[in-house]
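Dumped target-v6.pdb below, it's PDB, C-alpha atoms:
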```pdb
MODEL        1
ATOM      1  CA  MET M 770    -190.810 -23.332 202.788  1.00  0.00           C
ATOM      2  CA  LYS M 771    -191.366 -20.872 205.593  1.00  0.00           C
ATOM      3  CA  VAL M 772    -189.461 -17.795 206.761  1.00  0.00           C
ATOM      4  CA  VAL M 773    -190.372 -16.167 210.080  1.00  0.00           C
ATOM      5  CA  ILE M 774    -188.889 -12.975 211.525  1.00  0.00           C
ATOM      6  CA  GLN M 775    -190.044 -12.410 215.090  1.00  0.00           C
ATOM      7  CA  GLU M 776    -189.300 -10.422 218.239  1.00  0.00           C
ATOM      8  CA  GLN M 777    -190.522 -13.156 220.571  1.00  0.00           C
ATOM      9  CA  PRO M 778    -187.964 -15.668 221.922  1.00  0.00           C
ATOM     10  CA  PHE M 779    -188.421 -19.144 220.424  1.00  0.00           C
ATOM     11  CA  ASP M 780    -187.648 -22.765 221.214  1.00  0.00           C
ATOM     12  CA  PRO M 781    -185.890 -24.227 218.144  1.00  0.00           C
ATOM     13  CA  SER M 782    -186.907 -27.820 218.956  1.00  0.00           C
ATOM     14  CA  GLN M 783    -190.550 -26.809 219.201  1.00  0.00           C
ATOM     15  CA  LYS M 784    -190.363 -24.892 215.913  1.00  0.00           C
ATOM     16  CA  VAL M 785    -188.852 -27.921 214.168  1.00  0.00           C
ATOM     17  CA  ALA M 786    -191.426 -30.308 215.665  1.00  0.00           C
ATOM     18  CA  ASP M 787    -194.377 -28.062 214.769  1.00  0.00           C
ATOM     19  CA  TYR M 788    -193.236 -27.551 211.191  1.00  0.00           C
ATOM     20  CA  GLN M 789    -192.413 -31.218 210.745  1.00  0.00           C
ATOM     21  CA  ASP M 790    -196.002 -32.076 211.738  1.00  0.00           C
ATOM     22  CA  SER M 791    -197.163 -30.119 208.675  1.00  0.00           C
ATOM     23  CA  LEU M 792    -195.014 -32.175 206.275  1.00  0.00           C
ATOM     24  CA  LYS M 793    -196.141 -35.389 204.612  1.00  0.00           C
ATOM     25  CA  GLN M 794    -195.338 -38.027 207.204  1.00  0.00           C
ATOM     26  CA  GLY M 795    -192.851 -40.660 206.081  1.00  0.00           C
ATOM     27  CA  SER M 796    -191.688 -38.640 203.078  1.00  0.00           C
ATOM     28  CA  TYR M 797    -188.496 -37.278 204.653  1.00  0.00           C
ATOM     29  CA  GLY M 798    -185.503 -39.246 205.898  1.00  0.00           C
ATOM     30  CA  GLY M 799    -183.969 -36.620 208.130  1.00  0.00           C
ATOM     31  CA  VAL M 800    -183.730 -32.991 209.173  1.00  0.00           C
ATOM     32  CA  VAL M 801    -180.510 -31.012 209.515  1.00  0.00           C
ATOM     33  CA  THR M 802    -180.743 -27.971 211.786  1.00  0.00           C
ATOM     34  CA  PHE M 803    -178.452 -25.078 212.552  1.00  0.00           C
ATOM     35  CA  VAL M 804    -179.224 -22.954 215.612  1.00  0.00           C
ATOM     36  CA  GLY M 805    -177.254 -19.755 216.127  1.00  0.00           C
ATOM     37  CA  THR M 806    -177.266 -18.522 219.725  1.00  0.00           C
ATOM     38  CA  MET M 807    -175.963 -15.380 221.362  1.00  0.00           C
ATOM     39  CA  ARG M 808    -172.489 -15.392 222.939  1.00  0.00           C
ATOM     40  CA  ASP M 809    -171.753 -13.301 226.023  1.00  0.00           C
ATOM     41  CA  TYR M 810    -168.537 -11.993 224.440  1.00  0.00           C
ATOM     42  CA  ASN M 811    -167.439 -10.558 221.098  1.00  0.00           C
ATOM     43  CA  ASP M 812    -164.152  -9.018 220.001  1.00  0.00           C
ATOM     44  CA  GLY M 813    -162.754  -9.308 223.523  1.00  0.00           C
ATOM     45  CA  HIS M 814    -165.682  -7.561 225.202  1.00  0.00           C
ATOM     46  CA  GLN M 815    -168.401  -8.863 227.477  1.00  0.00           C
ATOM     47  CA  VAL M 816    -171.810  -8.472 225.895  1.00  0.00           C
ATOM     48  CA  SER M 817    -174.854  -8.316 228.165  1.00  0.00           C
ATOM     49  CA  THR M 818    -177.591  -7.551 225.637  1.00  0.00           C
ATOM     50  CA  MET M 819    -177.918  -7.293 221.900  1.00  0.00           C
ATOM     51  CA  HIS M 820    -180.429  -5.436 219.732  1.00  0.00           C
ATOM     52  CA  LEU M 821    -181.132  -6.763 216.263  1.00  0.00           C
ATOM     53  CA  GLU M 822    -182.582  -4.446 213.625  1.00  0.00           C
ATOM     54  CA  HIS M 823    -183.843  -5.557 210.208  1.00  0.00           C
ATOM     55  CA  TYR M 824    -185.373  -4.129 207.042  1.00  0.00           C
ATOM     56  CA  PRO M 825    -188.974  -5.374 207.073  1.00  0.00           C
ATOM     57  CA  GLY M 826    -189.877  -6.720 203.664  1.00  0.00           C
ATOM     58  CA  MET M 827    -186.385  -6.883 202.213  1.00  0.00           C
ATOM     59  CA  THR M 828    -185.082  -9.239 204.902  1.00  0.00           C
ATOM     60  CA  GLU M 829    -187.893 -11.751 204.393  1.00  0.00           C
ATOM     61  CA  ARG M 830    -187.592 -11.505 200.618  1.00  0.00           C
ATOM     62  CA  HIS M 831    -183.858 -12.206 200.596  1.00  0.00           C
ATOM     63  CA  ILE M 832    -184.085 -15.183 202.933  1.00  0.00           C
ATOM     64  CA  GLU M 833    -186.912 -16.607 200.806  1.00  0.00           C
ATOM     65  CA  GLU M 834    -184.759 -16.180 197.682  1.00  0.00           C
ATOM     66  CA  VAL M 835    -181.854 -17.992 199.342  1.00  0.00           C
ATOM     67  CA  CYS M 836    -184.160 -20.845 200.375  1.00  0.00           C
ATOM     68  CA  GLN M 837    -185.527 -21.093 196.827  1.00  0.00           C
ATOM     69  CA  GLU M 838    -181.952 -21.300 195.518  1.00  0.00           C
ATOM     70  CA  ALA M 839    -181.201 -24.121 197.962  1.00  0.00           C
ATOM     71  CA  LEU M 840    -184.414 -25.953 197.049  1.00  0.00           C
ATOM     72  CA  SER M 841    -183.505 -25.819 193.366  1.00  0.00           C
ATOM     73  CA  GLN M 842    -179.827 -26.755 193.829  1.00  0.00           C
ATOM     74  CA  TRP M 843    -180.128 -29.722 196.190  1.00  0.00           C
ATOM     75  CA  ARG M 844    -182.556 -32.583 196.564  1.00  0.00           C
ATOM     76  CA  VAL M 845    -184.207 -31.243 199.691  1.00  0.00           C
ATOM     77  CA  MET M 846    -187.906 -31.223 200.485  1.00  0.00           C
ATOM     78  CA  ASP M 847    -188.527 -28.251 202.699  1.00  0.00           C
ATOM     79  CA  ILE M 848    -186.792 -25.458 204.604  1.00  0.00           C
ATOM     80  CA  LEU M 849    -187.779 -23.510 207.726  1.00  0.00           C
ATOM     81  CA  VAL M 850    -185.942 -20.345 208.795  1.00  0.00           C
ATOM     82  CA  VAL M 851    -186.728 -18.432 212.009  1.00  0.00           C
ATOM     83  CA  HIS M 852    -184.769 -15.281 212.939  1.00  0.00           C
ATOM     84  CA  ARG M 853    -185.093 -13.064 215.997  1.00  0.00           C
ATOM     85  CA  THR M 854    -185.092  -9.275 216.051  1.00  0.00           C
ATOM     86  CA  GLY M 855    -185.243  -6.806 218.924  1.00  0.00           C
ATOM     87  CA  GLU M 856    -183.665  -7.346 222.343  1.00  0.00           C
ATOM     88  CA  ILE M 857    -181.677 -10.574 222.743  1.00  0.00           C
ATOM     89  CA  HIS M 858    -179.808 -12.012 225.742  1.00  0.00           C
ATOM     90  CA  PRO M 859    -176.885 -14.466 226.000  1.00  0.00           C
ATOM     91  CA  ASN M 860    -177.823 -18.066 225.157  1.00  0.00           C
ATOM     92  CA  ASP M 861    -181.003 -16.978 223.342  1.00  0.00           C
ATOM     93  CA  PRO M 862    -181.452 -18.649 219.969  1.00  0.00           C
ATOM     94  CA  ILE M 863    -181.033 -15.977 217.266  1.00  0.00           C
ATOM     95  CA  VAL M 864    -181.515 -18.019 214.113  1.00  0.00           C
ATOM     96  CA  LEU M 865    -182.806 -21.470 213.165  1.00  0.00           C
ATOM     97  CA  VAL M 866    -182.290 -23.081 209.751  1.00  0.00           C
ATOM     98  CA  ALA M 867    -183.927 -26.505 209.355  1.00  0.00           C
ATOM     99  CA  VAL M 868    -183.743 -28.543 206.144  1.00  0.00           C
ATOM    100  CA  TRP M 869    -185.733 -31.725 205.500  1.00  0.00           C
ATOM    101  CA  SER M 870    -184.521 -34.202 202.933  1.00  0.00           C
ATOM    102  CA  ALA M 871    -184.772 -37.870 201.982  1.00  0.00           C
ATOM    103  CA  HIS M 872    -181.002 -38.195 202.412  1.00  0.00           C
ATOM    104  CA  ARG M 873    -178.548 -36.427 204.690  1.00  0.00           C
ATOM    105  CA  ALA M 874    -175.832 -35.194 202.317  1.00  0.00           C
ATOM    106  CA  ASP M 875    -178.085 -32.764 200.441  1.00  0.00           C
ATOM    107  CA  ALA M 876    -179.641 -31.548 203.692  1.00  0.00           C
ATOM    108  CA  PHE M 877    -176.222 -30.740 205.235  1.00  0.00           C
ATOM    109  CA  ASP M 878    -175.083 -28.860 202.119  1.00  0.00           C
ATOM    110  CA  ALA M 879    -178.333 -26.931 201.742  1.00  0.00           C
ATOM    111  CA  CYS M 880    -178.370 -25.962 205.438  1.00  0.00           C
ATOM    112  CA  ARG M 881    -174.805 -24.636 205.271  1.00  0.00           C
ATOM    113  CA  TYR M 882    -175.623 -22.723 202.087  1.00  0.00           C
ATOM    114  CA  VAL M 883    -178.693 -21.038 203.605  1.00  0.00           C
ATOM    115  CA  ILE M 884    -177.000 -19.942 206.858  1.00  0.00           C
ATOM    116  CA  ASN M 885    -173.894 -18.672 205.057  1.00  0.00           C
ATOM    117  CA  TYR M 886    -175.881 -16.671 202.525  1.00  0.00           C
ATOM    118  CA  LEU M 887    -178.193 -15.363 205.234  1.00  0.00           C
ATOM    119  CA  LYS M 888    -175.191 -14.025 207.155  1.00  0.00           C
ATOM    120  CA  GLU M 889    -173.777 -12.366 204.040  1.00  0.00           C
ATOM    121  CA  ARG M 890    -176.902 -10.975 202.405  1.00  0.00           C
ATOM    122  CA  ALA M 891    -179.896 -10.695 204.709  1.00  0.00           C
ATOM    123  CA  PRO M 892    -180.290  -7.148 206.049  1.00  0.00           C
ATOM    124  CA  PHE M 893    -179.914  -7.492 209.815  1.00  0.00           C
ATOM    125  CA  TRP M 894    -177.745  -5.315 212.060  1.00  0.00           C
ATOM    126  CA  LYS M 895    -176.514  -6.123 215.560  1.00  0.00           C
ATOM    127  CA  ARG M 896    -175.954  -3.549 218.281  1.00  0.00           C
ATOM    128  CA  GLU M 897    -174.207  -4.858 221.365  1.00  0.00           C
ATOM    129  CA  VAL M 898    -174.329  -3.528 224.901  1.00  0.00           C
ATOM    130  CA  THR M 899    -170.923  -3.912 226.623  1.00  0.00           C
ATOM    131  CA  PRO M 900    -169.514  -2.536 229.909  1.00  0.00           C
ATOM    132  CA  ASP M 901    -168.047   0.309 227.800  1.00  0.00           C
ATOM    133  CA  GLY M 902    -171.415   1.187 226.279  1.00  0.00           C
ATOM    134  CA  ALA M 903    -173.365   0.214 223.190  1.00  0.00           C
ATOM    135  CA  ARG M 904    -171.724  -0.332 219.821  1.00  0.00           C
ATOM    136  CA  TRP M 905    -172.807  -1.478 216.369  1.00  0.00           C
ATOM    137  CA  VAL M 906    -171.185  -4.692 215.163  1.00  0.00           C
ATOM    138  CA  GLU M 907    -169.432  -3.570 212.012  1.00  0.00           C
ATOM    139  CA  HIS M 908    -169.201  -6.807 210.087  1.00  0.00           C
ATOM    140  CA  ASN M 909    -169.324 -10.575 210.318  1.00  0.00           C
ATOM    141  CA  THR M 910    -165.615 -10.661 209.499  1.00  0.00           C
ATOM    142  CA  LYS M 911    -165.165 -14.383 209.429  1.00  0.00           C
ATOM    143  CA  ASP M 912    -168.074 -14.831 207.072  1.00  0.00           C
ATOM    144  CA  LEU M 913    -166.753 -12.736 204.216  1.00  0.00           C
ATOM    145  CA  GLY M 914    -166.457 -14.972 201.189  1.00  0.00           C
ATOM    146  CA  VAL M 915    -167.764 -18.054 202.979  1.00  0.00           C
ATOM    147  CA  ALA M 916    -170.863 -18.430 200.830  1.00  0.00           C
ATOM    148  CA  ALA M 917    -168.807 -18.457 197.648  1.00  0.00           C
ATOM    149  CA  SER M 918    -166.823 -21.386 198.980  1.00  0.00           C
ATOM    150  CA  VAL M 919    -169.874 -23.551 199.683  1.00  0.00           C
ATOM    151  CA  LYS M 920    -169.795 -26.608 197.492  1.00  0.00           C
ATOM    152  CA  ARG M 921    -172.457 -26.570 194.808  1.00  0.00           C
ATOM    153  CA  PRO M 922    -173.997 -29.849 193.676  1.00  0.00           C
ATOM    154  CA  ALA M 923    -172.357 -31.468 190.649  1.00  0.00           C
TER     155      ALA M 923
ATOM    156  CA  MET O1391    -194.599  12.260 190.805  1.00  0.00           C
ATOM    157  CA  SER O1392    -190.879  12.403 191.192  1.00  0.00           C
ATOM    158  CA  ASP O1393    -190.531  11.758 194.892  1.00  0.00           C
ATOM    159  CA  VAL O1394    -188.528   8.844 196.213  1.00  0.00           C
ATOM    160  CA  THR O1395    -188.583   7.414 199.734  1.00  0.00           C
ATOM    161  CA  VAL O1396    -185.140   7.177 201.305  1.00  0.00           C
ATOM    162  CA  ARG O1397    -184.542   4.834 204.259  1.00  0.00           C
ATOM    163  CA  TYR O1398    -181.543   4.530 206.562  1.00  0.00           C
ATOM    164  CA  PHE O1399    -180.662   1.658 208.872  1.00  0.00           C
ATOM    165  CA  ALA O1400    -178.455   0.897 211.883  1.00  0.00           C
ATOM    166  CA  ASN O1401    -175.585   3.324 212.555  1.00  0.00           C
ATOM    167  CA  LEU O1402    -176.355   5.230 209.365  1.00  0.00           C
ATOM    168  CA  ARG O1403    -179.892   5.900 210.644  1.00  0.00           C
ATOM    169  CA  GLU O1404    -178.379   7.246 213.873  1.00  0.00           C
ATOM    170  CA  ARG O1405    -175.834   9.361 212.010  1.00  0.00           C
ATOM    171  CA  MET O1406    -178.515  10.845 209.722  1.00  0.00           C
ATOM    172  CA  GLY O1407    -180.823  11.453 212.694  1.00  0.00           C
ATOM    173  CA  ARG O1408    -183.832   9.998 210.848  1.00  0.00           C
ATOM    174  CA  ALA O1409    -185.100   6.628 209.642  1.00  0.00           C
ATOM    175  CA  ASP O1410    -186.669   7.779 206.378  1.00  0.00           C
ATOM    176  CA  GLU O1411    -187.643  10.792 204.324  1.00  0.00           C
ATOM    177  CA  LYS O1412    -189.278  11.759 201.046  1.00  0.00           C
ATOM    178  CA  ILE O1413    -186.984  13.466 198.573  1.00  0.00           C
ATOM    179  CA  ALA O1414    -187.981  15.209 195.338  1.00  0.00           C
ATOM    180  CA  LEU O1415    -185.643  14.102 192.549  1.00  0.00           C
ATOM    181  CA  ASN O1416    -183.752  16.927 190.906  1.00  0.00           C
ATOM    182  CA  GLY O1417    -184.441  15.642 187.426  1.00  0.00           C
ATOM    183  CA  ASP O1418    -184.917  12.686 185.097  1.00  0.00           C
ATOM    184  CA  LYS O1419    -182.367   9.905 185.252  1.00  0.00           C
ATOM    185  CA  THR O1420    -181.127  10.877 188.681  1.00  0.00           C
ATOM    186  CA  THR O1421    -178.785   8.139 189.871  1.00  0.00           C
ATOM    187  CA  VAL O1422    -178.402   6.825 193.411  1.00  0.00           C
ATOM    188  CA  ALA O1423    -175.008   8.564 193.569  1.00  0.00           C
ATOM    189  CA  GLU O1424    -176.612  11.882 192.579  1.00  0.00           C
ATOM    190  CA  LEU O1425    -179.382  11.386 195.140  1.00  0.00           C
ATOM    191  CA  TRP O1426    -176.780  10.821 197.886  1.00  0.00           C
ATOM    192  CA  SER O1427    -174.926  13.927 196.767  1.00  0.00           C
ATOM    193  CA  GLN O1428    -178.187  15.892 196.961  1.00  0.00           C
ATOM    194  CA  LEU O1429    -178.853  14.538 200.482  1.00  0.00           C
ATOM    195  CA  SER O1430    -175.386  15.090 201.843  1.00  0.00           C
ATOM    196  CA  GLY O1431    -174.489  18.432 200.334  1.00  0.00           C
ATOM    197  CA  GLY O1432    -172.191  17.144 197.644  1.00  0.00           C
ATOM    198  CA  GLU O1433    -170.516  14.124 199.211  1.00  0.00           C
ATOM    199  CA  SER O1434    -169.944  10.776 197.538  1.00  0.00           C
ATOM    200  CA  ILE O1435    -171.303   7.543 199.009  1.00  0.00           C
ATOM    201  CA  PRO O1436    -168.913   6.079 201.627  1.00  0.00           C
ATOM    202  CA  ALA O1437    -167.260   2.860 200.431  1.00  0.00           C
ATOM    203  CA  ASN O1438    -168.799   0.611 203.065  1.00  0.00           C
ATOM    204  CA  ILE O1439    -172.411   1.698 202.521  1.00  0.00           C
ATOM    205  CA  LEU O1440    -174.707  -0.810 200.793  1.00  0.00           C
ATOM    206  CA  ILE O1441    -177.535   0.309 198.518  1.00  0.00           C
ATOM    207  CA  ALA O1442    -180.931  -1.237 197.809  1.00  0.00           C
ATOM    208  CA  VAL O1443    -183.569   0.096 195.431  1.00  0.00           C
ATOM    209  CA  ASN O1444    -187.050  -1.362 195.905  1.00  0.00           C
ATOM    210  CA  MET O1445    -185.510  -3.917 198.283  1.00  0.00           C
ATOM    211  CA  GLU O1446    -182.983  -5.302 195.789  1.00  0.00           C
ATOM    212  CA  TYR O1447    -179.235  -4.770 196.152  1.00  0.00           C
ATOM    213  CA  THR O1448    -177.866  -2.459 193.493  1.00  0.00           C
ATOM    214  CA  ASP O1449    -175.069   0.047 192.900  1.00  0.00           C
ATOM    215  CA  ALA O1450    -174.711   3.806 192.829  1.00  0.00           C
ATOM    216  CA  SER O1451    -175.164   4.078 189.056  1.00  0.00           C
ATOM    217  CA  THR O1452    -178.807   2.903 189.185  1.00  0.00           C
ATOM    218  CA  GLU O1453    -181.233   5.469 187.749  1.00  0.00           C
ATOM    219  CA  LEU O1454    -184.225   6.298 189.925  1.00  0.00           C
ATOM    220  CA  LYS O1455    -187.853   6.966 189.098  1.00  0.00           C
ATOM    221  CA  GLY O1456    -190.708   8.463 191.102  1.00  0.00           C
ATOM    222  CA  GLY O1457    -192.058   6.132 193.781  1.00  0.00           C
ATOM    223  CA  ASP O1458    -188.822   4.188 194.232  1.00  0.00           C
ATOM    224  CA  GLU O1459    -187.706   3.208 197.723  1.00  0.00           C
ATOM    225  CA  VAL O1460    -183.972   3.724 198.167  1.00  0.00           C
ATOM    226  CA  ALA O1461    -182.215   2.297 201.218  1.00  0.00           C
ATOM    227  CA  PHE O1462    -178.703   3.000 202.509  1.00  0.00           C
ATOM    228  CA  PHE O1463    -177.167   0.800 205.175  1.00  0.00           C
ATOM    229  CA  PRO O1464    -173.892  -0.555 206.591  1.00  0.00           C
ATOM    230  CA  PRO O1465    -172.665  -4.143 206.019  1.00  0.00           C
ATOM    231  CA  VAL O1466    -175.132  -6.700 207.374  1.00  0.00           C
ATOM    232  CA  THR O1467    -174.431  -8.602 210.597  1.00  0.00           C
ATOM    233  CA  GLY O1468    -177.270 -11.080 211.073  1.00  0.00           C
ATOM    234  CA  GLY O1469    -177.316 -14.773 211.843  1.00  0.00           C
TER     235      GLY O1469
ENDMDL
END
```

Structure encoded using structure tokens:
Amino acid sequence: MKVVIQEQPFDPSQKVADYQDSLKQGSYGGVVTFVGTMRDYNDGHQVSTMHLEHYPGMTERHIEEVCQEALSQWRVMDILVVHRTGEIHPNDPIVLVAVWSAHRADAFDACRYVINYLKERAPFWKREVTPDGARWVEHNTKDLGVAASVKRPA
Amino acid sequence: MSDVTVRYFANLRERMGRADEKIALNGDKTTVAELWSQLSGGESIPANILIAVNMEYTDASTELKGGDEVAFFPPVTGG
């Protein structure tokens, strides 16, 4: 399991390929990935740039905890999470969650669980630059309560 | 030592005008709520502010000890 927080832009496909090279070849049957990218609008406003702040130490720790929970709840082999901070532009990848598993069902469920919990719990804050000036995004409204609704394995 | 480190993030950091500070606790068994009151001149913690002590989420009734790191921040918006 690996969690990376970085200011540098990243190529999600390259990150997945590089990490997959480090896994035991032939042991996994698939990888499910979620890539979150930046929109150029939010709440009816054009957004030209975004700044992402985090809490160094706590952010990494909470994402690692969420990945450990996923690894213990589903039959998945490994998880990679990469998250940007700093200045971000439209279309830039912001977050990558990749889950390797022998079978797809567990990988889909674990991937959804990690991204939903990350959005609810990991300390990141977005500040958007719009034509009317900069503003802090106040909450991920649509995500409230999502994690609780994620199906847990029987 | 009875100092704690207090950290602020995002719009709360801007509102406070500082990212962090050292605060001497007023006494034993000071809670997070009492610390906030001490910092803000008697106010209670706004409803939408999240609290972490030593990088774990907690609530305002948590008792602090010297060396703790207390963080106050608005709801998270990552991902």

Exercise for review: Convert the output of the ChimeraX specification (/O :<10) & /M on the shown file into explicit residues, formatted as an NGL selection string.
Suggested key: :M and (804-807 or 821-828 or 830-831 or 852-854 or 862-866 or 884-896 or 904-910 or 912)

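Residues matching the PyMOL selection byres ((chain O and resi 1457) around 6) in this structure come to Asp1393, Val1394, Gly1456 and Asp1458 of chain O.
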
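Reported to one decimal place, the separation of atom CA of Thr802 of chain M from atom CA of Leu849 of chain M is 9.3 Å.
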
Exercise for review: Using the chain letters and residue numbers of this document, give as a PyMOL selection string the residues selected by the PyMOL selection byres ((chain M and resi 819) around 9).
Suggested key: chain M and resi 807+816-818+820-821+855-859+895-898+903

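Between Phe779 of chain M and the residues M:Glu838, M:Glu833, M:Asp861, M:Asp812, the shortest atom-to-atom distance, using only C-alpha atoms, involves M:Asp861.
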
Review point. Out of O:Lys1455, O:Asn1416, O:Ala1450, O:Ile1439, which residue has the shortest atom-to-atom distance to Arg1403 of chain O when counting all atoms listed in the file?
Key: O:Ile1439

Practice item. For Thr1421 of chain O, please output as a count of residues only all residues within 8 Å (counting all atoms listed in the file; exclusion window: fewer than 3 positions along the same chain). Key: 7

Review point. If you count only C-alpha atoms, which residues fall within 12 Å of Met770 of chain M, apart from same-chain ones fewer than 4 positions away, as number ranges by chain?
Key: M: 788-789, 791-792, 832-840, 845-851, 866-869

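Atom CA of Asp875 of chain M is positioned 10.4 Å from atom CA of Gly799 of chain M.
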
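Here atom CA of Val1422 of chain O stands at a distance of 13.8 Å from atom CA of Ala1437 of chain O.
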